[in-house]
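Undergrad: Please find one structure pasted underneath; my questions will follow.
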Amino acid sequence: MSARGHRFGAGIVLSIIALLLATLGRSWFEATMQRHMLLHVPLLFFAGVAWAHDSRRRAPTAWNAHGVAGLLFATGVLMTWMVPRALDAAVEQPLVDVSKAALLFTAGALGHLSWRRASVLVQSFVLGNGAWMTASIGLMLIDSPERLCANYGAGDQRSSGVALITVTIGVIFLFALRHVYPSALRRSVPSA
Amino acid sequence: MAFGLLASSACVLALLAAATRGFTAVTTDSARARDVARTPVQVTPIGLYDRHGSRTELSDPQRSTIVDFVYTRCLTVCSALGGIFQQMQTDIVARRLDDRVRLLSVSFDPTWDTPARLGSYTQLMRANPRVWTITTPANAAQLPILLQQFGVRVIDDGMSGFVHNAALHVVDPSGQLIAILPIDAGEEAIALAAQHARPGGTTVATRP
């Protein structure tokens, strides 16, 4: 165990592996819109989540009551990397790509710590709004008659839209399975 | 407690503002179009060959030039652009604006698009040489500069063709890129180009 309530565990190992993969495979990940949006961005976010997973400290409560501030930041960072212009800039300018990595890592770490502090109500709110946002962008990508990213083709754009919507539905499904469904079961048990 | 929320909101706002260029553009192309409309860009005069192999320039000292970027093997966007330029050519001639506005197609595939191949493309497009010139860069090494200045991105489509953005670029007689308009804004492009032309000599004086 290292100092300041952080222990060196599987999370940090995973985090480093994710960061290495994202860095070394940069050109492969960014070659298509689908890999960029649905693999590269989540991988960097995941690196932050895994890093924070090993932290024993709870997220600071004074400024991050119920994890709302941290979750807002994490959602905002994810939203930023769905803007076509931002994706183009990440492909074309290495400095933007480094900022992308740093922001997503921070968002992942902060998001994870805040998620643990958040009640199911707050979690549902954040996830519901995030899902709405992601699905809207997915629909925009499918529906747009023009190419939105200068660096990616129209077919790639459409399949990225489909993939975004699929992932959104998957995440909501898992969340519902974990929270809504068991509590519904618990409630129905005593009455039965 | 509110400090965290405020700081977080401020971060998110700043990030989104940076990504969308102050909430004005979601795509690279629209941001570029806004930039150019606000601050015209002086275009480096790059030599071009027409179908006869003679040198032409990107800009014309008297007429405004509406530029598009194509490659003649292209079957998708370029055919659409070709049709649009045909329509614009008809409009320019009908409205007698041919001493004010010219059309210029530049190939970004100079290895394939030699002057000889431009010849057959010119015939296919029924380009009127008075209005519409189809060209290829004289020096392929200068192509990246040209594309960068006009904000054109050409990517490999994996099937020995290219994917590229298409727009109408208006260059005034002094060689300034003054507007990048969507391909369906032909009329607007012609009007803007005509407005910025500097037709010299007697030709303009005799026009009604």
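Following the order of the structure tokens, first chain is A, next is B, and so on, with residues numbered from 1 inside each chain and ligands from 1 in the order they appear.
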Do you know which residues are at most 9 Å from Ala154 in chain A counting only C-alpha atoms, after dropping those on the same chain fewer than 3 positions away, and could you put them as a ChimeraX atom specification?

TA: /A:141,144-149,157-159 /B:163

Undergrad: Selection from above, N, CA, C and O atoms, as a compact mmCIF listing (two decimals), in the first residue's frame, can you write it?

TA:
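Printed below is selection.txt as written:
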```txt
# COMPACT_ATOMS: atom_id res chain seq x y z
N LEU A 141 -25.94 11.39 -36.18
CA LEU A 141 -24.92 10.78 -37.04
C LEU A 141 -25.56 9.89 -38.11
O LEU A 141 -25.12 9.85 -39.26
N SER A 144 -27.75 12.51 -40.58
CA SER A 144 -27.18 13.67 -41.25
C SER A 144 -26.86 13.37 -42.71
O SER A 144 -26.17 12.41 -43.01
N PRO A 145 -27.38 14.19 -43.63
CA PRO A 145 -27.10 13.94 -45.05
C PRO A 145 -25.66 14.28 -45.42
O PRO A 145 -25.15 13.82 -46.43
N GLU A 146 -25.00 15.09 -44.59
CA GLU A 146 -23.62 15.45 -44.92
C GLU A 146 -22.65 14.82 -43.93
O GLU A 146 -23.04 14.41 -42.85
N ARG A 147 -21.40 14.76 -44.35
CA ARG A 147 -20.39 14.23 -43.46
C ARG A 147 -20.08 15.28 -42.40
O ARG A 147 -19.88 16.44 -42.71
N LEU A 148 -20.07 14.89 -41.15
CA LEU A 148 -19.86 15.86 -40.08
C LEU A 148 -18.40 15.97 -39.69
O LEU A 148 -17.94 17.02 -39.27
N CYS A 149 -17.65 14.88 -39.83
CA CYS A 149 -16.23 14.92 -39.55
C CYS A 149 -15.48 14.98 -40.87
O CYS A 149 -15.73 14.17 -41.77
N GLN A 157 -19.69 7.21 -40.41
CA GLN A 157 -20.51 8.08 -39.57
C GLN A 157 -21.82 7.39 -39.18
O GLN A 157 -22.21 7.41 -38.02
N ARG A 158 -22.46 6.78 -40.19
CA ARG A 158 -23.73 6.10 -39.90
C ARG A 158 -23.53 4.93 -38.94
O ARG A 158 -24.28 4.78 -37.97
N SER A 159 -22.51 4.12 -39.20
CA SER A 159 -22.32 2.96 -38.32
C SER A 159 -21.92 3.41 -36.91
O SER A 159 -22.26 2.75 -35.93
N VAL B 163 -12.30 10.12 -50.24
CA VAL B 163 -13.44 10.78 -49.62
C VAL B 163 -12.98 12.21 -49.37
O VAL B 163 -11.86 12.43 -48.91
```

Undergrad: Show me, as a list of chain:residue names, the residues of chain B whose atoms get within 7 Å of chain A, using only C-alpha atoms for the distance check.

TA: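 So the contacting residues turn out to be B:Met1, B:Ala2, B:Phe3, B:Gly4, B:Leu5, B:Ser8, B:Val12, B:Leu15, B:Leu16, B:Ala19, B:Thr20, B:Val26, B:Thr27, B:Thr28, B:Arg153, B:Ile155, B:Val163, B:Asn165.
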
Undergrad: Using C-alpha atoms, can you write the selected residues to a file as a short mmCIF file (atom, residue, chain, number, x, y, z; two decimals), in the first residue's frame?

TA:
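Final output, selection.cif:
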```cif
data_model
loop_
_atom_site.label_atom_id
_atom_site.label_comp_id
_atom_site.auth_asym_id
_atom_site.auth_seq_id
_atom_site.Cartn_x
_atom_site.Cartn_y
_atom_site.Cartn_z
CA MET B 1 -20.60 23.07 -1.58
CA ALA B 2 -21.84 25.29 -4.39
CA PHE B 3 -18.22 25.99 -5.29
CA GLY B 4 -17.69 22.49 -6.66
CA LEU B 5 -20.80 22.72 -8.79
CA SER B 8 -17.53 21.96 -12.61
CA VAL B 12 -17.87 22.02 -18.88
CA LEU B 15 -14.78 22.80 -22.83
CA LEU B 16 -17.91 22.91 -24.94
CA ALA B 19 -15.04 22.39 -28.97
CA THR B 20 -17.72 24.39 -30.78
CA VAL B 26 -20.14 21.83 -34.59
CA THR B 27 -18.13 20.79 -37.61
CA THR B 28 -14.65 21.70 -38.79
CA ARG B 153 -9.41 17.22 -46.61
CA ILE B 155 -8.81 10.82 -47.28
CA VAL B 163 -13.44 10.78 -49.62
CA ASN B 165 -15.41 17.51 -48.43
#
```

Undergrad: Mind checking DSSP for range 41-196 of chain B and telling me the strand (DSSP E) residues as a tab-separated table (two decimals) with all heavy atoms, in the first residue's frame?

TA:
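Ended up saving to result29.tsv:
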```
chain	number	residue	atom	x	y	z
B	41	VAL	N	-8.74	34.97	-46.53
B	41	VAL	CA	-7.40	34.38	-46.51
B	41	VAL	C	-6.72	34.64	-47.85
B	41	VAL	O	-7.29	34.35	-48.91
B	41	VAL	CB	-7.50	32.85	-46.29
B	41	VAL	CG1	-6.12	32.21	-46.35
B	41	VAL	CG2	-8.17	32.55	-44.95
B	42	GLN	N	-5.53	35.21	-47.80
B	42	GLN	CA	-4.77	35.40	-49.03
B	42	GLN	C	-4.26	34.04	-49.50
B	42	GLN	O	-3.56	33.36	-48.76
B	42	GLN	CB	-3.60	36.37	-48.80
B	42	GLN	CG	-2.81	36.72	-50.06
B	42	GLN	CD	-3.65	37.54	-51.04
B	42	GLN	OE1	-4.32	38.48	-50.67
B	42	GLN	NE2	-3.61	37.16	-52.31
B	48	LEU	N	-1.24	26.18	-62.05
B	48	LEU	CA	-2.11	25.08	-62.45
B	48	LEU	C	-1.94	24.84	-63.94
B	48	LEU	O	-1.61	25.77	-64.69
B	48	LEU	CB	-3.57	25.44	-62.16
B	48	LEU	CG	-3.92	25.84	-60.73
B	48	LEU	CD1	-5.30	26.48	-60.69
B	48	LEU	CD2	-3.88	24.62	-59.82
B	49	TYR	N	-2.16	23.62	-64.39
B	49	TYR	CA	-2.20	23.32	-65.82
B	49	TYR	C	-3.64	23.12	-66.24
B	49	TYR	O	-4.40	22.43	-65.55
B	49	TYR	CB	-1.44	22.02	-66.12
B	49	TYR	CG	0.06	22.15	-66.11
B	49	TYR	CD1	0.85	21.12	-65.59
B	49	TYR	CD2	0.70	23.27	-66.65
B	49	TYR	CE1	2.23	21.21	-65.57
B	49	TYR	CE2	2.07	23.37	-66.63
B	49	TYR	CZ	2.84	22.34	-66.10
B	49	TYR	OH	4.20	22.44	-66.09
B	55	ARG	N	-0.22	27.08	-68.42
B	55	ARG	CA	-0.34	27.51	-67.03
B	55	ARG	C	-1.55	28.42	-66.85
B	55	ARG	O	-1.82	29.29	-67.66
B	55	ARG	CB	0.91	28.30	-66.62
B	55	ARG	CG	2.17	27.47	-66.48
B	55	ARG	CD	2.22	26.81	-65.13
B	55	ARG	NE	2.49	27.73	-64.04
B	55	ARG	CZ	3.43	27.52	-63.11
B	55	ARG	NH1	4.19	26.45	-63.17
B	55	ARG	NH2	3.59	28.37	-62.12
B	56	THR	N	-2.27	28.20	-65.76
B	56	THR	CA	-3.31	29.15	-65.37
B	56	THR	C	-3.12	29.42	-63.89
B	56	THR	O	-2.37	28.71	-63.22
B	56	THR	CB	-4.73	28.61	-65.60
B	56	THR	OG1	-4.81	27.32	-65.01
B	56	THR	CG2	-5.07	28.54	-67.05
B	64	SER	N	-13.95	37.32	-60.40
B	64	SER	CA	-13.88	36.47	-59.22
B	64	SER	C	-13.93	35.02	-59.69
B	64	SER	O	-14.47	34.72	-60.75
B	64	SER	CB	-15.07	36.72	-58.30
B	64	SER	OG	-14.98	37.98	-57.72
B	65	THR	N	-13.35	34.15	-58.88
B	65	THR	CA	-13.27	32.75	-59.26
B	65	THR	C	-14.00	31.90	-58.22
B	65	THR	O	-13.79	32.07	-57.02
B	65	THR	CB	-11.79	32.31	-59.31
B	65	THR	OG1	-11.08	33.23	-60.14
B	65	THR	CG2	-11.65	30.91	-59.86
B	66	ILE	N	-14.86	31.02	-58.71
B	66	ILE	CA	-15.48	30.07	-57.79
B	66	ILE	C	-14.77	28.73	-58.01
B	66	ILE	O	-14.78	28.18	-59.10
B	66	ILE	CB	-17.00	29.94	-58.05
B	66	ILE	CG1	-17.66	31.31	-57.89
B	66	ILE	CG2	-17.61	28.92	-57.09
B	66	ILE	CD1	-19.13	31.33	-58.27
B	67	VAL	N	-14.11	28.26	-56.95
B	67	VAL	CA	-13.25	27.08	-57.07
B	67	VAL	C	-13.91	25.87	-56.43
B	67	VAL	O	-14.52	25.98	-55.36
B	67	VAL	CB	-11.89	27.33	-56.36
B	67	VAL	CG1	-10.90	26.21	-56.65
B	67	VAL	CG2	-11.31	28.67	-56.75
B	68	ASP	N	-13.81	24.73	-57.10
B	68	ASP	CA	-14.14	23.47	-56.41
B	68	ASP	C	-12.99	22.49	-56.60
B	68	ASP	O	-12.13	22.69	-57.45
B	68	ASP	CB	-15.49	22.89	-56.87
B	68	ASP	CG	-15.43	22.27	-58.26
B	68	ASP	OD1	-14.41	22.43	-58.96
B	68	ASP	OD2	-16.42	21.61	-58.65
B	69	PHE	N	-12.95	21.49	-55.75
B	69	PHE	CA	-11.88	20.50	-55.80
B	69	PHE	C	-12.48	19.14	-56.12
B	69	PHE	O	-13.44	18.71	-55.49
B	69	PHE	CB	-11.12	20.46	-54.47
B	69	PHE	CG	-10.30	21.70	-54.24
B	69	PHE	CD1	-10.88	22.83	-53.68
B	69	PHE	CD2	-8.98	21.76	-54.64
B	69	PHE	CE1	-10.14	23.98	-53.49
B	69	PHE	CE2	-8.23	22.91	-54.47
B	69	PHE	CZ	-8.82	24.03	-53.90
B	70	VAL	N	-11.90	18.49	-57.12
B	70	VAL	CA	-12.47	17.23	-57.60
B	70	VAL	C	-11.35	16.25	-57.96
B	70	VAL	O	-10.17	16.62	-57.94
B	70	VAL	CB	-13.33	17.44	-58.87
B	70	VAL	CG1	-14.54	18.29	-58.58
B	70	VAL	CG2	-12.50	18.06	-59.98
B	101	VAL	N	-17.47	36.58	-63.38
B	101	VAL	CA	-17.35	35.34	-62.60
B	101	VAL	C	-16.82	34.22	-63.49
B	101	VAL	O	-17.25	34.07	-64.63
B	101	VAL	CB	-18.74	34.90	-62.05
B	101	VAL	CG1	-18.58	33.69	-61.15
B	101	VAL	CG2	-19.41	36.04	-61.32
B	102	ARG	N	-15.85	33.46	-62.97
B	102	ARG	CA	-15.44	32.27	-63.69
B	102	ARG	C	-15.44	31.08	-62.73
B	102	ARG	O	-15.42	31.24	-61.50
B	102	ARG	CB	-14.06	32.45	-64.31
B	102	ARG	CG	-12.94	32.53	-63.31
B	102	ARG	CD	-11.58	32.48	-63.99
B	102	ARG	NE	-10.55	32.39	-62.96
B	102	ARG	CZ	-9.43	31.71	-63.09
B	102	ARG	NH1	-9.18	31.04	-64.19
B	102	ARG	NH2	-8.55	31.67	-62.11
B	103	LEU	N	-15.48	29.91	-63.30
B	103	LEU	CA	-15.49	28.68	-62.51
B	103	LEU	C	-14.16	27.97	-62.72
B	103	LEU	O	-13.63	27.95	-63.83
B	103	LEU	CB	-16.64	27.77	-62.95
B	103	LEU	CG	-18.04	28.36	-62.86
B	103	LEU	CD1	-19.06	27.40	-63.47
B	103	LEU	CD2	-18.42	28.65	-61.42
B	104	LEU	N	-13.64	27.40	-61.65
B	104	LEU	CA	-12.35	26.72	-61.74
B	104	LEU	C	-12.44	25.41	-60.95
B	104	LEU	O	-12.73	25.41	-59.76
B	104	LEU	CB	-11.26	27.61	-61.14
B	104	LEU	CG	-9.85	27.06	-61.16
B	104	LEU	CD1	-9.27	27.12	-62.56
B	104	LEU	CD2	-8.96	27.84	-60.19
B	105	SER	N	-12.21	24.31	-61.65
B	105	SER	CA	-12.13	23.03	-60.95
B	105	SER	C	-10.67	22.66	-60.84
B	105	SER	O	-9.93	22.73	-61.81
B	105	SER	CB	-12.88	21.94	-61.71
B	105	SER	OG	-14.26	22.23	-61.74
B	106	VAL	N	-10.25	22.28	-59.64
B	106	VAL	CA	-8.86	21.87	-59.43
B	106	VAL	C	-8.86	20.41	-59.01
B	106	VAL	O	-9.57	20.02	-58.08
B	106	VAL	CB	-8.19	22.73	-58.34
B	106	VAL	CG1	-6.73	22.31	-58.15
B	106	VAL	CG2	-8.29	24.21	-58.67
B	107	SER	N	-8.07	19.60	-59.70
B	107	SER	CA	-7.97	18.19	-59.33
B	107	SER	C	-6.98	18.04	-58.18
B	107	SER	O	-5.93	18.67	-58.15
B	107	SER	CB	-7.50	17.36	-60.50
B	107	SER	OG	-7.11	16.08	-60.05
B	132	TRP	N	-15.56	28.13	-67.61
B	132	TRP	CA	-15.19	27.05	-66.69
B	132	TRP	C	-13.88	26.41	-67.12
B	132	TRP	O	-13.80	25.86	-68.22
B	132	TRP	CB	-16.33	26.03	-66.66
B	132	TRP	CG	-16.15	24.88	-65.70
B	132	TRP	CD1	-15.16	24.69	-64.81
B	132	TRP	CD2	-17.04	23.76	-65.56
B	132	TRP	NE1	-15.35	23.53	-64.11
B	132	TRP	CE2	-16.50	22.95	-64.54
B	132	TRP	CE3	-18.23	23.38	-66.19
B	132	TRP	CZ2	-17.12	21.75	-64.15
B	132	TRP	CZ3	-18.84	22.20	-65.79
B	132	TRP	CH2	-18.28	21.39	-64.77
B	133	THR	N	-12.87	26.49	-66.28
B	133	THR	CA	-11.58	25.88	-66.57
B	133	THR	C	-11.36	24.71	-65.63
B	133	THR	O	-11.58	24.85	-64.41
B	133	THR	CB	-10.43	26.89	-66.38
B	133	THR	OG1	-10.83	28.14	-66.94
B	133	THR	CG2	-9.16	26.42	-67.06
B	134	ILE	N	-10.93	23.59	-66.19
B	134	ILE	CA	-10.65	22.42	-65.36
B	134	ILE	C	-9.15	22.21	-65.34
B	134	ILE	O	-8.51	22.17	-66.40
B	134	ILE	CB	-11.43	21.20	-65.89
B	134	ILE	CG1	-12.93	21.47	-65.71
B	134	ILE	CG2	-11.01	19.93	-65.13
B	134	ILE	CD1	-13.84	20.54	-66.45
B	135	THR	N	-8.57	22.15	-64.13
B	135	THR	CA	-7.12	22.20	-64.02
B	135	THR	C	-6.57	21.14	-63.07
B	135	THR	O	-7.31	20.50	-62.33
B	135	THR	CB	-6.67	23.57	-63.46
B	135	THR	OG1	-7.18	23.69	-62.13
B	135	THR	CG2	-7.16	24.72	-64.32
B	136	THR	N	-5.26	21.02	-63.12
B	136	THR	CA	-4.55	20.13	-62.21
B	136	THR	C	-3.30	20.88	-61.75
B	136	THR	O	-2.76	21.69	-62.51
B	136	THR	CB	-4.23	18.79	-62.95
B	136	THR	OG1	-3.80	17.83	-62.01
B	136	THR	CG2	-3.18	18.96	-64.02
B	137	PRO	N	-2.83	20.66	-60.52
B	137	PRO	CA	-1.67	21.42	-60.05
B	137	PRO	C	-0.43	21.15	-60.92
B	137	PRO	O	-0.15	20.00	-61.27
B	137	PRO	CB	-1.44	20.89	-58.64
B	137	PRO	CG	-2.73	20.30	-58.23
B	137	PRO	CD	-3.37	19.78	-59.47
B	154	VAL	N	-8.68	15.40	-47.94
B	154	VAL	CA	-8.84	14.27	-48.85
B	154	VAL	C	-8.36	13.03	-48.11
B	154	VAL	O	-7.22	12.98	-47.66
B	154	VAL	CB	-8.00	14.49	-50.12
B	154	VAL	CG1	-8.12	13.30	-51.04
B	154	VAL	CG2	-8.43	15.76	-50.83
B	155	ILE	N	-9.25	12.05	-47.95
B	155	ILE	CA	-8.81	10.82	-47.28
B	155	ILE	C	-9.09	9.63	-48.20
B	155	ILE	O	-10.01	9.65	-49.02
B	155	ILE	CB	-9.50	10.63	-45.91
B	155	ILE	CG1	-11.01	10.85	-46.01
B	155	ILE	CG2	-8.91	11.56	-44.87
B	155	ILE	CD1	-11.74	10.64	-44.72
B	156	ASP	N	-8.27	8.62	-48.04
B	156	ASP	CA	-8.38	7.40	-48.84
B	156	ASP	C	-9.67	6.69	-48.47
B	156	ASP	O	-9.98	6.54	-47.30
B	156	ASP	CB	-7.18	6.51	-48.48
B	156	ASP	CG	-6.84	5.59	-49.61
B	156	ASP	OD1	-7.77	4.91	-50.09
B	156	ASP	OD2	-5.66	5.55	-50.02
B	162	PHE	N	-11.16	8.45	-53.21
B	162	PHE	CA	-10.98	9.39	-52.11
B	162	PHE	C	-12.32	9.80	-51.52
B	162	PHE	O	-13.33	9.84	-52.22
B	162	PHE	CB	-10.28	10.67	-52.61
B	162	PHE	CG	-8.94	10.43	-53.24
B	162	PHE	CD1	-8.81	10.46	-54.61
B	162	PHE	CD2	-7.83	10.16	-52.45
B	162	PHE	CE1	-7.57	10.24	-55.21
B	162	PHE	CE2	-6.59	9.94	-53.04
B	162	PHE	CZ	-6.46	9.98	-54.42
B	163	VAL	N	-12.30	10.12	-50.24
B	163	VAL	CA	-13.44	10.78	-49.62
B	163	VAL	C	-12.98	12.21	-49.37
B	163	VAL	O	-11.86	12.43	-48.91
B	163	VAL	CB	-13.78	10.11	-48.26
B	163	VAL	CG1	-14.89	10.87	-47.57
B	163	VAL	CG2	-14.17	8.67	-48.47
B	164	HIS	N	-13.81	13.17	-49.73
B	164	HIS	CA	-13.37	14.56	-49.54
B	164	HIS	C	-14.57	15.46	-49.31
B	164	HIS	O	-15.68	15.14	-49.71
B	164	HIS	CB	-12.58	15.04	-50.77
B	164	HIS	CG	-13.37	14.99	-52.04
B	164	HIS	ND1	-13.86	16.11	-52.65
B	164	HIS	CD2	-13.78	13.95	-52.81
B	164	HIS	CE1	-14.53	15.77	-53.75
B	164	HIS	NE2	-14.49	14.46	-53.87
B	168	LEU	N	-18.13	25.34	-52.34
B	168	LEU	CA	-17.86	26.36	-53.35
B	168	LEU	C	-17.00	27.43	-52.69
B	168	LEU	O	-17.42	28.07	-51.72
B	168	LEU	CB	-19.17	26.97	-53.85
B	168	LEU	CG	-20.21	25.97	-54.37
B	168	LEU	CD1	-21.52	26.69	-54.70
B	168	LEU	CD2	-19.68	25.24	-55.60
B	169	HIS	N	-15.77	27.57	-53.19
B	169	HIS	CA	-14.83	28.52	-52.60
B	169	HIS	C	-14.77	29.76	-53.50
B	169	HIS	O	-14.47	29.63	-54.68
B	169	HIS	CB	-13.43	27.91	-52.51
B	169	HIS	CG	-13.40	26.58	-51.80
B	169	HIS	ND1	-13.01	26.43	-50.50
B	169	HIS	CD2	-13.73	25.34	-52.23
B	169	HIS	CE1	-13.09	25.16	-50.16
B	169	HIS	NE2	-13.53	24.47	-51.18
B	170	VAL	N	-15.06	30.92	-52.93
B	170	VAL	CA	-15.05	32.14	-53.74
B	170	VAL	C	-13.73	32.89	-53.51
B	170	VAL	O	-13.40	33.24	-52.38
B	170	VAL	CB	-16.25	33.05	-53.39
B	170	VAL	CG1	-16.27	34.28	-54.29
B	170	VAL	CG2	-17.56	32.27	-53.51
B	171	VAL	N	-12.99	33.10	-54.61
B	171	VAL	CA	-11.72	33.83	-54.54
B	171	VAL	C	-11.88	35.12	-55.34
B	171	VAL	O	-12.31	35.09	-56.50
B	171	VAL	CB	-10.57	32.98	-55.14
B	171	VAL	CG1	-9.26	33.76	-55.14
B	171	VAL	CG2	-10.41	31.67	-54.38
B	176	GLN	N	-7.88	36.70	-52.74
B	176	GLN	CA	-8.33	36.43	-51.38
B	176	GLN	C	-9.49	35.45	-51.41
B	176	GLN	O	-10.45	35.65	-52.15
B	176	GLN	CB	-8.83	37.74	-50.74
B	176	GLN	CG	-7.81	38.82	-50.65
B	176	GLN	CD	-7.52	39.19	-49.20
B	176	GLN	OE1	-8.33	38.93	-48.32
B	176	GLN	NE2	-6.37	39.75	-48.95
B	177	LEU	N	-9.36	34.44	-50.58
B	177	LEU	CA	-10.48	33.51	-50.40
B	177	LEU	C	-11.48	34.21	-49.48
B	177	LEU	O	-11.19	34.45	-48.31
B	177	LEU	CB	-9.98	32.21	-49.77
B	177	LEU	CG	-11.01	31.17	-49.34
B	177	LEU	CD1	-11.84	30.69	-50.52
B	177	LEU	CD2	-10.34	29.99	-48.65
B	178	ILE	N	-12.65	34.58	-50.03
B	178	ILE	CA	-13.58	35.40	-49.24
B	178	ILE	C	-14.77	34.61	-48.70
B	178	ILE	O	-15.45	35.07	-47.79
B	178	ILE	CB	-14.08	36.63	-50.02
B	178	ILE	CG1	-14.70	36.22	-51.35
B	178	ILE	CG2	-12.95	37.63	-50.24
B	178	ILE	CD1	-15.42	37.34	-52.05
B	179	ALA	N	-15.05	33.44	-49.27
B	179	ALA	CA	-16.19	32.68	-48.74
B	179	ALA	C	-16.06	31.21	-49.09
B	179	ALA	O	-15.52	30.86	-50.14
B	179	ALA	CB	-17.50	33.24	-49.31
B	180	ILE	N	-16.55	30.38	-48.19
B	180	ILE	CA	-16.70	28.95	-48.47
B	180	ILE	C	-18.18	28.64	-48.28
B	180	ILE	O	-18.70	28.76	-47.17
B	180	ILE	CB	-15.85	28.09	-47.51
B	180	ILE	CG1	-14.38	28.48	-47.61
B	180	ILE	CG2	-16.03	26.61	-47.84
B	180	ILE	CD1	-13.48	27.73	-46.64
B	181	LEU	N	-18.85	28.32	-49.37
B	181	LEU	CA	-20.30	28.13	-49.30
B	181	LEU	C	-20.64	26.67	-49.57
B	181	LEU	O	-19.91	25.96	-50.26
B	181	LEU	CB	-20.98	29.03	-50.33
B	181	LEU	CG	-20.75	30.52	-50.13
B	181	LEU	CD1	-21.24	31.32	-51.33
B	181	LEU	CD2	-21.45	31.01	-48.86
```

Undergrad: How many Å lie between CA of Leu177 in chain A and CA of Ser55 in chain A, rounded to one decimal?

TA: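 We find that CA of Leu177 in chain A and CA of Ser55 in chain A lie 26.3 Å from each other.
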
Undergrad: Which is closer to Gly53 in chain B than all the others in B:Ala138, B:Leu97, B:Ile92, B:Ala189, using only C-alpha atoms?

TA: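 Closest residue, counting only C-alpha atoms: B:Ala138.
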
Undergrad: Using only C-alpha atoms, which residue out of B:Gln149, B:Ser160, B:Gln195, B:Thr122 lies closest to Pro45 in chain B?

TA: B:Gln149

Undergrad: Mind listing the helix (DSSP H, G or I) residues of range 45-185 of chain A, per DSSP on the backbone, as a PyMOL selection string?

TA: chain A and resi 45-53+65-80+84-92+94-117+120-143+154-185

Undergrad: Would you pick out the contacts of Pro199 in chain B at 7 Å or less, using only C-alpha atoms, so that residues sharing its chain but fewer than 4 positions from it are not included, and give the list as a VMD selection string?

TA: chain B and resid 62 to 63 99 to 100 204
